[in-house]
Amino acid sequence: MNKKALVVLSGGQDSTTCLFWAIDRFGKENVSAVGFDYGQRHIKELECASGICKDAGIEYTVINTPIINELSANALTRAEIKVDTQKPEGTPPNTLVEGRNLLFLSYAAIWAKTHDIQNLVTGVCETDFSGYPDCRDIFVKSLNVTLNLAMDYDFCIHTPLMWLTKAQTWELADKLGVIDIVYNKTLTCYNGIAGEGCGSCPACNLRRRGYEEYVKMKN
Ligand code: ZN
């Protein structure tokens, strides 16, 4: 297993925390990042990711995957579909993009192998998984086996946030010395507002509750 690592970086809180986790674990010189332009509503998140990488001295590449938008109509890719404010009973929220992590990690793996990178890092998390099936640990483990077989290569997919609560993700950012960067420079908000966000969408609520819980934990 080599020390080179590729982070799937969307510019949100989770993937940005993973970027700094990877820098800490593998060394800055071994880390690079990719993001995906799939026609998401808020292309601004890729600008956030690119700015964060620039400041950190990390190479960032955007891969165009418009096919994801062509195939999947949902609230993150279509402006005319409003984001659910409440999680519907028994079904995932309408921000689900079917198979998104399957595709992202597969594209990332192809990129990684062509650059001799064996470690893939993703911010998926089962604790707050909101009903997204491709955020589950069992899915990531299964995909790791599949990718290794598909490309005859030893990938290792790292999921540092898999079992963390949002408060613990803030704690990790704090331990890594980057809580200010994560707080101010990332975009999690479904309404496309960086930093503290709009304050009222489900993503902002989850993020703020986690932050408040962490601050309470710390004091
Ligand atoms: Zn928001």
# chains A, B, ... in the order shown; residues from 1 in each chain; ligands from 1

call {"tool": "select_by_dssp", "arguments": {"residues": "segment 1-203 of chain A", "states": "helix (DSSP H, G or I)", "output": "PyMOL selection string"}}
result
chain A and resi 13-26+28-30+44-56+67-71+100-114+133-135+137-151+166-175+179-185+202-203

call {"tool": "residues_around", "arguments": {"residues": "Ser32 of chain A", "least_positions_apart": "5", "cutoff": "12 Å", "atoms": "only C-alpha atoms", "output": "PyMOL selection string"}}
result
chain A and resi 3-9+18-20+22-23+26-27+49-50+53-54+56-62+108+111-112+115-121

call {"tool": "select_by_dssp", "arguments": {"residues": "chain A", "states": "strand (DSSP E or B)", "output": "PyMOL selection string"}}
result
chain A and resi 5-8+31-37+59-64+119-121+156-158

call {"tool": "atom_distance", "arguments": {"atom1": "atom CA of Thr65 of chain A", "atom2": "atom CA of Asp37 of chain A"}}
result
5.8 Å

call {"tool": "closest_atom_pairs", "arguments": {"of": "chain A", "to": "ligand 1", "cutoff": "8 Å", "atoms": "only C-alpha atoms and all ligand atoms", "output": "CSV"}}
result
residue,atom,partner,partner_atom_place_in_ligand_line,distance
A:Thr188,CA,ligand 1,1 (Zn),7.2
A:Cys189,CA,ligand 1,1 (Zn),3.6
A:Tyr190,CA,ligand 1,1 (Zn),5.0
A:Asn191,CA,ligand 1,1 (Zn),5.1
A:Gly192,CA,ligand 1,1 (Zn),7.0
A:Ile193,CA,ligand 1,1 (Zn),6.6
A:Glu196,CA,ligand 1,1 (Zn),7.9
A:Gly197,CA,ligand 1,1 (Zn),4.7
A:Cys198,CA,ligand 1,1 (Zn),3.9
A:Gly199,CA,ligand 1,1 (Zn),5.0
A:Ser200,CA,ligand 1,1 (Zn),5.3
A:Cys201,CA,ligand 1,1 (Zn),4.2
A:Pro202,CA,ligand 1,1 (Zn),6.8
A:Ala203,CA,ligand 1,1 (Zn),5.9
A:Cys204,CA,ligand 1,1 (Zn),4.4
A:Asn205,CA,ligand 1,1 (Zn),7.4

call {"tool": "residues_around", "arguments": {"residues": "Arg136 of chain A", "least_positions_apart": "6", "cutoff": "9 Å", "atoms": "only C-alpha atoms", "output": "list in words"}}
result
Val124, Cys125, Glu126, Thr127, Phe129 and Met162 of chain A

call {"tool": "residues_around", "arguments": {"residues": "Tyr183 of chain A", "least_positions_apart": "3", "cutoff": "8 Å", "atoms": "only C-alpha atoms", "output": "list in words"}}
result
Gln13, Ile179, Asp180, Thr186, Gly195 and Glu196 of chain A

call {"tool": "write_last_selection", "arguments": {"atoms": "all heavy atoms", "output": "mmCIF file, in the first residue's frame"}}
result
data_model
loop_
_atom_site.group_PDB
_atom_site.id
_atom_site.type_symbol
_atom_site.label_atom_id
_atom_site.label_comp_id
_atom_site.auth_asym_id
_atom_site.auth_seq_id
_atom_site.Cartn_x
_atom_site.Cartn_y
_atom_site.Cartn_z
ATOM 1 N N GLN A 13 -18.736 20.465 4.847
ATOM 2 C CA GLN A 13 -18.061 20.257 6.137
ATOM 3 C C GLN A 13 -17.374 18.891 6.205
ATOM 4 O O GLN A 13 -16.203 18.793 6.598
ATOM 5 C CB GLN A 13 -19.094 20.342 7.278
ATOM 6 C CG GLN A 13 -18.504 20.026 8.651
ATOM 7 C CD GLN A 13 -19.570 19.848 9.727
ATOM 8 O OE1 GLN A 13 -20.768 20.026 9.477
ATOM 9 N NE2 GLN A 13 -19.148 19.490 10.917
ATOM 10 N N ILE A 179 -10.735 24.037 12.572
ATOM 11 C CA ILE A 179 -12.166 24.267 12.793
ATOM 12 C C ILE A 179 -12.616 25.606 12.183
ATOM 13 O O ILE A 179 -13.730 25.710 11.659
ATOM 14 C CB ILE A 179 -12.540 24.147 14.297
ATOM 15 C CG1 ILE A 179 -14.059 23.999 14.451
ATOM 16 C CG2 ILE A 179 -11.998 25.306 15.121
ATOM 17 C CD1 ILE A 179 -14.521 23.495 15.801
ATOM 18 N N ASP A 180 -11.735 26.618 12.190
ATOM 19 C CA ASP A 180 -12.116 27.907 11.602
ATOM 20 C C ASP A 180 -12.299 27.799 10.089
ATOM 21 O O ASP A 180 -13.222 28.393 9.529
ATOM 22 C CB ASP A 180 -11.071 28.990 11.915
ATOM 23 C CG ASP A 180 -11.125 29.393 13.383
ATOM 24 O OD1 ASP A 180 -12.153 29.103 14.035
ATOM 25 O OD2 ASP A 180 -10.139 29.977 13.869
ATOM 26 N N THR A 186 -16.524 26.341 4.246
ATOM 27 C CA THR A 186 -17.202 25.223 3.594
ATOM 28 C C THR A 186 -18.654 25.575 3.277
ATOM 29 O O THR A 186 -19.220 26.509 3.846
ATOM 30 C CB THR A 186 -17.180 23.954 4.483
ATOM 31 O OG1 THR A 186 -17.888 24.224 5.693
ATOM 32 C CG2 THR A 186 -15.761 23.536 4.809
ATOM 33 N N GLY A 195 -20.302 28.988 4.749
ATOM 34 C CA GLY A 195 -20.127 29.297 6.178
ATOM 35 C C GLY A 195 -21.354 28.896 6.972
ATOM 36 O O GLY A 195 -21.800 27.756 6.901
ATOM 37 N N GLU A 196 -21.920 29.843 7.707
ATOM 38 C CA GLU A 196 -23.074 29.521 8.562
ATOM 39 C C GLU A 196 -24.329 29.169 7.771
ATOM 40 O O GLU A 196 -25.280 28.620 8.326
ATOM 41 C CB GLU A 196 -23.364 30.688 9.511
ATOM 42 C CG GLU A 196 -22.312 30.795 10.611
ATOM 43 C CD GLU A 196 -22.658 31.835 11.666
ATOM 44 O OE1 GLU A 196 -23.612 32.611 11.453
ATOM 45 O OE2 GLU A 196 -21.975 31.862 12.683
#

call {"tool": "closest_residue", "arguments": {"among": "A:Arg209, A:Lys185, A:Lys113, A:Lys175", "to": "Asp24 of chain A", "atoms": "only C-alpha atoms"}}
result
A:Lys175

call {"tool": "residues_around", "arguments": {"residues": "Leu147 of chain A", "least_positions_apart": "3", "cutoff": "10 Å", "atoms": "only C-alpha atoms", "output": "ChimeraX atom specification"}}
result
/A:105-106,109-110,142-144,150-157

call {"tool": "atom_distance", "arguments": {"atom1": "atom CA of Val178 of chain A", "atom2": "atom CA of Asn64 of chain A"}}
result
28.6 Å
